[in-house]
$ cat protein27.csv   # CSV, C-alpha atoms
chain,number,residue,atom,x,y,z
A,1,MET,CA,120.6,73.9,97.2
A,2,LYS,CA,117.8,76.3,98.0
A,3,ARG,CA,116.4,73.8,100.6
A,4,TRP,CA,119.8,73.5,102.3
A,5,LEU,CA,120.0,77.3,102.4
A,6,VAL,CA,116.6,77.6,104.0
A,7,ALA,CA,117.4,74.9,106.5
A,8,LEU,CA,120.7,76.5,107.3
A,9,SER,CA,119.0,80.0,107.8
A,10,LEU,CA,116.3,78.5,110.0
A,11,GLY,CA,118.9,76.6,112.0
A,12,LEU,CA,120.8,79.8,112.6
A,13,VAL,CA,117.7,81.6,113.7
A,14,LEU,CA,116.9,78.9,116.2
A,15,VAL,CA,120.5,78.7,117.5
A,16,ALA,CA,120.8,82.5,117.7
A,17,HIS,CA,117.4,83.0,119.3
A,18,PRO,CA,117.8,84.5,122.8
A,19,ALA,CA,115.0,82.4,124.1
A,20,LEU,CA,117.2,79.4,123.7
A,21,ALA,CA,120.3,80.9,125.3
A,22,ALA,CA,121.1,79.2,128.6
A,23,ASP,CA,122.0,82.4,130.4
A,24,GLN,CA,119.9,85.3,129.2
A,25,PRO,CA,121.5,88.2,131.3
A,26,LYS,CA,124.6,87.8,129.2
A,27,TRP,CA,122.7,89.7,126.5
A,28,PRO,CA,121.4,92.9,127.9
A,29,GLY,CA,119.3,95.1,125.6
A,30,VAL,CA,120.4,98.6,124.4
A,31,ASP,CA,117.5,100.0,126.5
A,32,GLU,CA,119.4,98.9,129.6
A,33,VAL,CA,123.0,99.6,128.4
A,34,VAL,CA,122.2,102.9,126.7
A,35,VAL,CA,118.8,104.4,127.2
A,36,GLU,CA,118.4,103.7,131.0
A,37,LYS,CA,122.1,104.1,131.7
A,38,PHE,CA,122.3,107.6,130.1
A,39,ALA,CA,118.9,108.6,131.6
A,40,LYS,CA,120.1,107.7,135.1
A,41,GLU,CA,123.4,109.6,134.6
A,42,LEU,CA,121.4,112.6,133.4
A,43,GLY,CA,119.0,112.5,136.4
A,44,ARG,CA,115.9,110.6,135.2
A,45,GLU,CA,115.0,107.0,136.0
A,46,ALA,CA,112.6,104.7,134.2
A,47,ARG,CA,109.5,103.9,136.2
A,48,GLU,CA,107.4,100.7,136.2
A,49,PRO,CA,105.0,100.4,133.2
A,50,TYR,CA,101.4,101.5,134.0
A,51,ILE,CA,100.3,98.0,132.9
A,52,ASN,CA,103.1,95.8,134.2
A,53,THR,CA,102.9,92.5,132.5
A,54,ASP,CA,106.5,91.6,133.6
A,55,GLN,CA,105.2,89.3,136.3
A,56,GLY,CA,106.3,85.6,136.4
A,57,ASP,CA,105.9,84.0,133.0
A,58,LEU,CA,103.0,86.3,131.9
A,59,LEU,CA,105.3,88.5,129.8
A,60,LEU,CA,106.9,85.4,128.1
A,61,PHE,CA,103.4,84.1,127.4
A,62,LEU,CA,102.3,87.5,125.9
A,63,PHE,CA,105.5,87.6,123.8
A,64,ALA,CA,104.8,84.1,122.5
A,65,LEU,CA,101.2,85.1,121.7
A,66,ALA,CA,102.3,88.3,120.0
A,67,GLY,CA,104.9,86.4,117.9
A,68,ALA,CA,102.5,83.6,116.9
A,69,THR,CA,99.8,86.1,116.0
A,70,GLY,CA,102.2,88.3,114.0
A,71,GLY,CA,103.6,85.2,112.3
A,72,PHE,CA,100.2,84.0,111.4
A,73,VAL,CA,99.0,87.4,110.0
A,74,ILE,CA,102.2,87.7,107.9
A,75,GLY,CA,101.8,84.1,106.6
A,76,TYR,CA,98.0,84.6,105.8
A,77,CYS,CA,98.5,87.8,104.0
A,78,TRP,CA,101.6,86.5,102.2
A,79,HIS,CA,99.6,83.6,100.9
A,80,LYS,CA,96.8,85.9,99.8
A,81,LEU,CA,99.3,88.1,97.8
A,82,PHE,CA,102.0,85.8,96.6
A,83,VAL,CA,100.3,82.4,96.2
A,84,ALA,CA,96.5,82.9,95.7
A,85,GLY,CA,97.1,86.4,94.2
A,86,LYS,CA,99.7,85.2,91.8
A,87,THR,CA,97.7,82.2,90.6
A,88,GLU,CA,94.7,84.5,90.1
A,89,ARG,CA,96.7,86.9,88.1
A,90,GLU,CA,98.2,84.2,85.9
A,91,SER,CA,94.9,82.4,85.3
A,92,PRO,CA,93.5,83.2,81.8
A,93,ASN,CA,90.0,83.8,83.2
B,94,MET,CA,96.4,71.1,97.6
B,95,PRO,CA,100.1,70.3,96.9
B,96,THR,CA,100.8,74.1,96.5
B,97,ARG,CA,99.0,74.9,99.7
B,98,ARG,CA,100.9,72.4,101.9
B,99,PRO,CA,104.3,74.2,101.8
B,100,THR,CA,102.6,77.5,102.5
B,101,ILE,CA,100.7,76.2,105.5
B,102,LEU,CA,104.0,74.6,106.8
B,103,LEU,CA,105.7,77.9,106.2
B,104,GLN,CA,103.0,79.7,108.2
B,105,LEU,CA,103.3,77.3,111.1
B,106,LEU,CA,107.1,77.5,111.1
B,107,ALA,CA,107.0,81.3,111.0
B,108,ALA,CA,104.5,81.3,113.9
B,109,VAL,CA,106.6,78.9,115.9
B,110,LEU,CA,109.8,80.8,115.3
B,111,LEU,CA,108.3,84.2,116.0
B,112,GLY,CA,106.5,82.8,118.9
B,113,LEU,CA,109.6,81.7,120.8
B,114,PRO,CA,109.3,83.6,124.0
B,115,SER,CA,112.2,85.9,125.0
B,116,GLN,CA,112.8,88.9,127.3
B,117,ALA,CA,111.7,92.3,126.2
B,118,TRP,CA,115.0,94.1,125.5
B,119,ALA,CA,114.3,97.1,123.3
B,120,MET,CA,115.5,100.5,122.1
B,121,HIS,CA,112.2,102.3,122.9
B,122,ILE,CA,112.4,105.0,125.5
B,123,SER,CA,111.1,103.4,128.7
B,124,GLU,CA,108.2,104.7,130.8
B,125,GLY,CA,108.9,107.8,132.9
B,126,ILE,CA,112.3,108.7,131.2
B,127,LEU,CA,110.9,111.8,129.4
B,128,PRO,CA,109.8,114.7,131.5
B,129,PRO,CA,106.0,115.5,131.1
B,130,GLY,CA,106.5,118.6,129.0
B,131,TRP,CA,108.7,116.9,126.5
B,132,ALA,CA,106.5,113.8,126.4
B,133,LEU,CA,103.5,116.0,125.5
B,134,LEU,CA,105.5,117.9,122.9
B,135,TRP,CA,106.5,114.7,121.1
B,136,PHE,CA,102.8,113.6,121.2
B,137,LEU,CA,101.8,116.8,119.5
B,138,VAL,CA,104.5,116.6,116.9
B,139,ALA,CA,103.7,113.0,116.0
B,140,ALA,CA,99.9,113.4,116.0
B,141,PRO,CA,99.5,115.1,112.6
B,142,PHE,CA,101.6,112.4,110.9
B,143,VAL,CA,99.4,109.6,112.4
B,144,GLY,CA,96.2,111.5,111.5
B,145,TRP,CA,97.3,112.0,107.9
B,146,GLY,CA,98.5,108.4,107.7
B,147,VAL,CA,95.0,107.2,108.6
B,148,VAL,CA,93.5,109.3,105.8
B,149,GLN,CA,96.1,107.9,103.3
B,150,ILE,CA,95.3,104.3,104.3
B,151,GLN,CA,91.6,104.9,103.8
B,152,ARG,CA,92.3,106.4,100.3
B,153,ARG,CA,94.7,103.7,99.2
B,154,LYS,CA,92.5,100.8,100.3
B,155,ALA,CA,89.6,102.2,98.4
B,156,ILE,CA,91.7,102.4,95.2
B,157,ASP,CA,93.5,99.1,95.4
B,158,PRO,CA,92.2,95.9,97.2
B,159,ALA,CA,95.7,94.4,97.4
B,160,TYR,CA,96.6,97.2,99.8
B,161,ILE,CA,94.9,95.4,102.7
B,162,PRO,CA,97.1,92.3,102.6
B,163,LEU,CA,100.1,94.5,102.1
B,164,LEU,CA,99.1,96.4,105.2
B,165,GLY,CA,98.7,93.1,107.1
B,166,ILE,CA,102.1,91.9,106.1
B,167,PHE,CA,104.1,95.1,106.8
B,168,GLY,CA,102.0,96.0,109.9
B,169,ALA,CA,102.7,92.6,111.5
B,170,ALA,CA,106.4,92.8,110.3
B,171,VAL,CA,106.9,96.2,111.9
B,172,PHE,CA,105.3,94.9,115.1
B,173,VAL,CA,107.4,91.8,115.2
B,174,PHE,CA,110.7,93.5,114.1
B,175,SER,CA,110.4,96.2,116.7
B,176,CYS,CA,109.8,94.0,119.7
B,177,PHE,CA,111.9,90.9,119.2
B,178,PRO,CA,115.6,91.2,120.3
B,179,ILE,CA,118.4,90.1,118.0
B,180,PRO,CA,121.7,89.3,119.8
B,181,VAL,CA,124.7,91.2,118.3
B,182,PRO,CA,127.8,89.2,119.3
B,183,VAL,CA,130.3,92.0,118.4
B,184,ALA,CA,128.5,94.3,120.9
B,185,GLY,CA,127.5,91.7,123.5
B,186,SER,CA,124.0,93.1,123.6
B,187,THR,CA,120.6,92.8,121.9
B,188,ALA,CA,118.5,95.2,120.0
B,189,HIS,CA,116.0,95.1,117.2
B,190,PRO,CA,115.5,96.6,113.8
B,191,ALA,CA,112.8,99.2,113.1
B,192,GLY,CA,111.1,97.7,109.9
B,193,THR,CA,109.7,101.1,109.1
B,194,GLY,CA,112.0,101.6,106.0
B,195,MET,CA,110.4,98.5,104.4
B,196,SER,CA,106.9,99.5,105.4
B,197,ALA,CA,107.4,103.1,104.1
B,198,ILE,CA,108.4,101.8,100.6
B,199,PHE,CA,105.4,99.5,100.3
B,200,LEU,CA,102.7,101.4,102.3
B,201,GLY,CA,103.9,105.0,101.9
B,202,PRO,CA,105.6,106.9,104.7
B,203,PHE,CA,102.5,108.3,106.4
B,204,ALA,CA,100.8,104.9,106.5
B,205,SER,CA,104.1,103.5,107.9
B,206,VAL,CA,103.8,106.0,110.8
B,207,VAL,CA,100.4,104.7,111.6
B,208,VAL,CA,101.7,101.1,111.6
B,209,ALA,CA,104.5,102.1,113.9
B,210,PHE,CA,102.2,103.9,116.3
B,211,ILE,CA,99.8,100.9,116.6
B,212,SER,CA,102.8,98.6,117.1
B,213,LEU,CA,104.3,100.8,119.8
B,214,LEU,CA,100.9,101.2,121.5
B,215,LEU,CA,100.3,97.4,121.7
B,216,GLN,CA,103.9,96.9,123.0
B,217,ALA,CA,103.4,99.6,125.7
B,218,LEU,CA,100.0,98.2,126.7
B,219,PHE,CA,100.8,94.5,126.8
B,220,LEU,CA,104.5,93.8,126.5
B,221,ALA,CA,105.9,96.2,129.1
B,222,HIS,CA,108.0,97.6,126.2
B,223,GLY,CA,108.4,101.3,125.7
B,224,GLY,CA,105.8,103.3,127.6
B,225,LEU,CA,102.5,105.1,127.4
B,226,THR,CA,104.0,108.5,128.3
B,227,THR,CA,106.9,108.0,125.9
B,228,LEU,CA,104.6,106.8,123.1
B,229,GLY,CA,104.7,110.1,121.3
B,230,GLY,CA,108.5,110.2,121.4
B,231,ASN,CA,108.9,106.6,120.3
B,232,THR,CA,106.4,107.2,117.5
B,233,LEU,CA,108.4,110.2,116.3
B,234,SER,CA,111.7,108.4,116.3
B,235,MET,CA,110.6,105.0,114.9
B,236,GLY,CA,107.5,106.0,113.0
B,237,VAL,CA,108.2,109.5,111.6
B,238,LEU,CA,112.0,109.6,111.4
B,239,GLY,CA,112.4,105.9,110.5
B,240,SER,CA,109.7,105.9,107.8
B,241,PHE,CA,110.6,109.2,106.2
B,242,SER,CA,114.4,108.6,106.3
B,243,GLY,CA,113.9,105.2,104.8
B,244,TYR,CA,111.6,106.5,102.1
B,245,ALA,CA,114.0,109.4,101.3
B,246,ALA,CA,117.0,106.9,101.1
B,247,PHE,CA,115.0,104.7,98.7
B,248,LYS,CA,114.1,107.7,96.5
B,249,LEU,CA,117.8,108.7,96.6
B,250,GLY,CA,118.8,105.2,95.5
B,251,ARG,CA,116.3,105.5,92.6
B,252,LEU,CA,117.7,108.9,91.6
B,253,LEU,CA,121.2,107.4,91.6
B,254,ARG,CA,119.9,104.6,89.4
B,255,LEU,CA,121.0,101.9,91.8
B,256,ASN,CA,119.4,98.5,91.3
B,257,LEU,CA,116.3,97.5,93.4
B,258,PHE,CA,118.2,95.6,96.0
B,259,TRP,CA,120.6,98.5,96.8
B,260,CYS,CA,117.7,101.0,96.9
B,261,GLY,CA,116.0,98.8,99.5
B,262,PHE,CA,119.3,98.3,101.3
B,263,LEU,CA,119.8,102.1,101.7
B,264,ALA,CA,116.2,102.4,102.9
B,265,GLY,CA,116.5,99.8,105.6
B,266,MET,CA,119.8,101.1,106.8
B,267,ALA,CA,118.7,104.7,106.9
B,268,ALA,CA,115.5,103.8,108.8
B,269,ASP,CA,117.4,102.0,111.5
B,270,LEU,CA,120.1,104.6,112.0
B,271,PHE,CA,117.7,107.5,111.9
B,272,THR,CA,115.4,105.8,114.4
B,273,TYR,CA,118.2,105.6,116.9
B,274,PHE,CA,119.3,109.2,116.1
B,275,GLY,CA,115.7,110.3,116.9
B,276,THR,CA,115.8,108.4,120.2
B,277,ALA,CA,119.2,109.9,121.1
B,278,GLY,CA,118.0,113.4,120.1
B,279,GLU,CA,114.8,113.2,122.2
B,280,MET,CA,116.8,112.1,125.2
B,281,ALA,CA,119.5,114.6,124.7
B,282,LEU,CA,117.0,117.5,124.3
B,283,ALA,CA,115.1,116.5,127.4
B,284,LEU,CA,117.9,115.6,129.7
B,285,HIS,CA,121.1,117.4,128.7
B,286,GLY,CA,120.6,120.0,131.5
B,287,THR,CA,123.7,122.1,131.8
B,288,GLN,CA,125.8,119.9,129.6
B,289,PRO,CA,126.3,120.8,125.9
B,290,LEU,CA,123.4,119.4,123.9
B,291,LEU,CA,125.6,118.1,121.0
B,292,SER,CA,128.0,116.4,123.3
B,293,VAL,CA,125.2,114.5,125.1
B,294,LEU,CA,123.5,113.7,121.7
B,295,GLY,CA,126.9,112.4,120.4
B,296,GLN,CA,127.5,110.3,123.5
B,297,ILE,CA,124.1,108.6,123.4
B,298,TYR,CA,124.1,108.1,119.6
B,299,LEU,CA,127.7,106.7,119.6
B,300,ALA,CA,126.7,104.3,122.4
B,301,PHE,CA,124.0,102.8,120.2
B,302,MET,CA,126.4,102.3,117.2
B,303,PRO,CA,128.2,99.0,118.1
B,304,THR,CA,124.8,97.3,118.2
B,305,GLN,CA,123.0,99.2,115.5
B,306,ILE,CA,125.6,99.2,112.7
B,307,PRO,CA,125.5,95.4,112.3
B,308,LEU,CA,121.7,95.5,112.8
B,309,SER,CA,121.2,98.2,110.2
B,310,LEU,CA,123.2,96.2,107.7
B,311,LEU,CA,120.9,93.2,108.4
B,312,GLU,CA,117.8,95.4,108.1
B,313,GLY,CA,119.1,96.8,104.8
B,314,ALA,CA,119.7,93.3,103.4
B,315,VAL,CA,116.2,92.2,104.5
B,316,THR,CA,114.5,95.2,102.9
B,317,GLY,CA,116.5,94.9,99.7
B,318,GLY,CA,115.8,91.1,99.5
B,319,MET,CA,112.1,91.8,100.1
B,320,LEU,CA,111.9,94.3,97.2
B,321,VAL,CA,113.7,91.8,94.9
B,322,TYR,CA,111.3,89.0,95.9
B,323,VAL,CA,108.2,91.1,95.3
B,324,HIS,CA,109.7,92.3,92.0
B,325,LYS,CA,110.3,88.7,90.9
B,326,HIS,CA,106.9,87.3,92.0
B,327,ARG,CA,104.4,90.2,91.9
B,328,PRO,CA,106.0,93.0,89.8
B,329,ASP,CA,102.5,94.4,89.3
B,330,ILE,CA,102.3,95.4,93.0
B,331,LEU,CA,105.5,97.5,92.6
B,332,ARG,CA,104.1,99.1,89.5
B,333,LYS,CA,100.8,99.9,91.2
B,334,LEU,CA,102.6,101.4,94.1
B,335,LYS,CA,104.8,103.3,91.7
B,336,VAL,CA,107.9,101.8,93.2
B,337,LEU,CA,109.2,100.7,89.8
B,338,GLY,CA,110.2,103.2,87.2
B,339,GLU,CA,113.4,103.4,85.5
B,340,VAL,CA,115.0,101.4,88.3
B,341,ARG,CA,117.1,98.4,87.2
B,342,ALA,CA,115.8,95.4,89.1
$ encode --input "protein27.csv" --output "structure tokens"
Amino acid sequence: MKRWLVALSLGLVLVAHPALAADQPKWPGVDEVVVEKFAKELGREAREPYINTDQGDLLLFLFALAGATGGFVIGYCWHKLFVAGKTERESPN
Amino acid sequence: MPTRRPTILLQLLAAVLLGLPSQAWAMHISEGILPPGWALLWFLVAAPFVGWGVVQIQRRKAIDPAYIPLLGIFGAAVFVFSCFPIPVPVAGSTAHPAGTGMSAIFLGPFASVVVAFISLLLQALFLAHGGLTTLGGNTLSMGVLGSFSGYAAFKLGRLLRLNLFWCGFLAGMAADLFTYFGTAGEMALALHGTQPLLSVLGQIYLAFMPTQIPLSLLEGAVTGGMLVYVHKHRPDILRKLKVLGEVRA
């Protein structure tokens, strides 16, 4: 049952992930529909970032790298605390 | 070895899932939106929290070696949570949770501000997400308001003798909603001009709500679930962090 639940959750994450959406502009972010919209109405506009990585596929690559690094750090520390740490704590020595 | 294999697979799967590239749609205030005076003011307000947070991290890691992996887990979680968009079908837009409610419970609210500051700095530098001039404002809303409101909601839950899941649920929800309240407040204060401040604040905050209410419920459930998981598998961590007391788990 647990395995099915995990598989279902992972499936949902994959299906719902915006990276897999065929037409991404259908899902604008709240920065666009709220922050930048109100700022524009109130007389300020967002400017380009000082380090603009939004060029070609560079931003997507950096997001992939950030996600993979974040995922690895979480997994590594998780193992240290909840697998190795738990075994260590339960061991009689 | 058999116990290691599922963990390695889980790590790989997490890395693959989190690594799926997507566009940077976020709630952070973008570069250039805050006038220079306000941007500087928010930097000055957020700086003492970050400074004291660094001191707290140094102290706690000297006392408890398990604090470092906790910092790794929740630091990376805040970074990932706060830059990856989640589509909200009822609103037709995407946004992301803050994650600072969860980190405030496990790391302490000041350390959680440091974690948020570092995440926002990396996002502003490399992911064209948020901004360097708005870093102070974004740290104040997501780091300070998110962490302290989440921590206060958790303490309130304990005071009301709610079980651990609901204490975490309140913390996650409060962190998310107060983060966006902070963002709306900073924008309204800086940009309201001749319009009434409260009216502008209300308009911006209400505009966030269709996306943020469902997301805050999700963030609450994740925070509550995390607390229950840690209580089940490593209750000693919660005792050391003084999270457990008379709380019903």
$ atom_distance --input "protein27.csv" --atom1 "CA of Ala277 (chain B)" --atom2 "CA of Tyr50 (chain A)"
23.5 Å
$ residues_around --input "protein27.csv" --residues "region 129-141 of chain B" --least-positions-apart "6" --cutoff "9 Å" --atoms "all atoms listed in the file" --output "ChimeraX atom specification"
/B:206,226-233,236-237,279,282-283
$ residues_around --input "protein27.csv" --residues "Gly265 (chain B)" --least-positions-apart "6" --cutoff "12 Å" --atoms "all atoms listed in the file" --output "PyMOL selection string"
chain B and resi 190-198+239-247+250+258-259+271-272+305-306+308-320
$ write_last_selection --input "protein27.csv" --atoms "C-alpha atoms" --output "mmCIF file, keeping the file's coordinate frame"
data_model
loop_
_atom_site.group_PDB
_atom_site.id
_atom_site.type_symbol
_atom_site.label_atom_id
_atom_site.label_comp_id
_atom_site.auth_asym_id
_atom_site.auth_seq_id
_atom_site.Cartn_x
_atom_site.Cartn_y
_atom_site.Cartn_z
ATOM 1 C CA PRO B 190 115.500 96.600 113.800
ATOM 2 C CA ALA B 191 112.800 99.200 113.100
ATOM 3 C CA GLY B 192 111.100 97.700 109.900
ATOM 4 C CA THR B 193 109.700 101.100 109.100
ATOM 5 C CA GLY B 194 112.000 101.600 106.000
ATOM 6 C CA MET B 195 110.400 98.500 104.400
ATOM 7 C CA SER B 196 106.900 99.500 105.400
ATOM 8 C CA ALA B 197 107.400 103.100 104.100
ATOM 9 C CA ILE B 198 108.400 101.800 100.600
ATOM 10 C CA GLY B 239 112.400 105.900 110.500
ATOM 11 C CA SER B 240 109.700 105.900 107.800
ATOM 12 C CA PHE B 241 110.600 109.200 106.200
ATOM 13 C CA SER B 242 114.400 108.600 106.300
ATOM 14 C CA GLY B 243 113.900 105.200 104.800
ATOM 15 C CA TYR B 244 111.600 106.500 102.100
ATOM 16 C CA ALA B 245 114.000 109.400 101.300
ATOM 17 C CA ALA B 246 117.000 106.900 101.100
ATOM 18 C CA PHE B 247 115.000 104.700 98.700
ATOM 19 C CA GLY B 250 118.800 105.200 95.500
ATOM 20 C CA PHE B 258 118.200 95.600 96.000
ATOM 21 C CA TRP B 259 120.600 98.500 96.800
ATOM 22 C CA PHE B 271 117.700 107.500 111.900
ATOM 23 C CA THR B 272 115.400 105.800 114.400
ATOM 24 C CA GLN B 305 123.000 99.200 115.500
ATOM 25 C CA ILE B 306 125.600 99.200 112.700
ATOM 26 C CA LEU B 308 121.700 95.500 112.800
ATOM 27 C CA SER B 309 121.200 98.200 110.200
ATOM 28 C CA LEU B 310 123.200 96.200 107.700
ATOM 29 C CA LEU B 311 120.900 93.200 108.400
ATOM 30 C CA GLU B 312 117.800 95.400 108.100
ATOM 31 C CA GLY B 313 119.100 96.800 104.800
ATOM 32 C CA ALA B 314 119.700 93.300 103.400
ATOM 33 C CA VAL B 315 116.200 92.200 104.500
ATOM 34 C CA THR B 316 114.500 95.200 102.900
ATOM 35 C CA GLY B 317 116.500 94.900 99.700
ATOM 36 C CA GLY B 318 115.800 91.100 99.500
ATOM 37 C CA MET B 319 112.100 91.800 100.100
ATOM 38 C CA LEU B 320 111.900 94.300 97.200
#
$ atom_distance --input "protein27.csv" --atom1 "CA of Thr276 (chain B)" --atom2 "CA of Val208 (chain B)"
18.1 Å
$ closest_residue --input "protein27.csv" --among "A:Ala84, A:Trp78, A:Thr69, A:Glu90" --to "Tyr322 (chain B)" --atoms "only C-alpha atoms"
A:Trp78
$ atom_distance --input "protein27.csv" --atom1 "CA of Leu200 (chain B)" --atom2 "CA of Arg153 (chain B)"
8.9 Å
$ residues_around --input "protein27.csv" --residues "Phe274 (chain B)" --least-positions-apart "4" --cutoff "10 Å" --atoms "only C-alpha atoms" --output "PDB file with C-alpha atoms, in the frame of the given file"
ATOM      1  CA  SER B 234     111.700 108.400 116.300  1.00  0.00           C
ATOM      2  CA  MET B 235     110.600 105.000 114.900  1.00  0.00           C
ATOM      3  CA  LEU B 238     112.000 109.600 111.400  1.00  0.00           C
ATOM      4  CA  GLY B 239     112.400 105.900 110.500  1.00  0.00           C
ATOM      5  CA  ALA B 268     115.500 103.800 108.800  1.00  0.00           C
ATOM      6  CA  ASP B 269     117.400 102.000 111.500  1.00  0.00           C
ATOM      7  CA  LEU B 270     120.100 104.600 112.000  1.00  0.00           C
ATOM      8  CA  GLY B 278     118.000 113.400 120.100  1.00  0.00           C
ATOM      9  CA  GLU B 279     114.800 113.200 122.200  1.00  0.00           C
ATOM     10  CA  MET B 280     116.800 112.100 125.200  1.00  0.00           C
ATOM     11  CA  LEU B 294     123.500 113.700 121.700  1.00  0.00           C
ATOM     12  CA  GLY B 295     126.900 112.400 120.400  1.00  0.00           C
ATOM     13  CA  ILE B 297     124.100 108.600 123.400  1.00  0.00           C
ATOM     14  CA  TYR B 298     124.100 108.100 119.600  1.00  0.00           C
ATOM     15  CA  LEU B 299     127.700 106.700 119.600  1.00  0.00           C
ATOM     16  CA  PHE B 301     124.000 102.800 120.200  1.00  0.00           C
ATOM     17  CA  MET B 302     126.400 102.300 117.200  1.00  0.00           C
TER      18      MET B 302
END
$ interface_residues --input "protein27.csv" --of "chain A" --to "chain B" --cutoff "6 Å" --atoms "only C-alpha atoms" --output "list of chain:residue names"
A:Ala19, A:Trp27, A:Pro28, A:Gly29, A:Val30, A:Asp31, A:Leu42, A:Arg44, A:Glu45, A:Ala46, A:Arg47, A:Pro49, A:Asn52, A:Thr53, A:Leu60, A:Phe63, A:Ala64, A:Gly67, A:Ala68, A:Gly70, A:Gly71, A:Phe72, A:Ile74, A:Gly75, A:Cys77
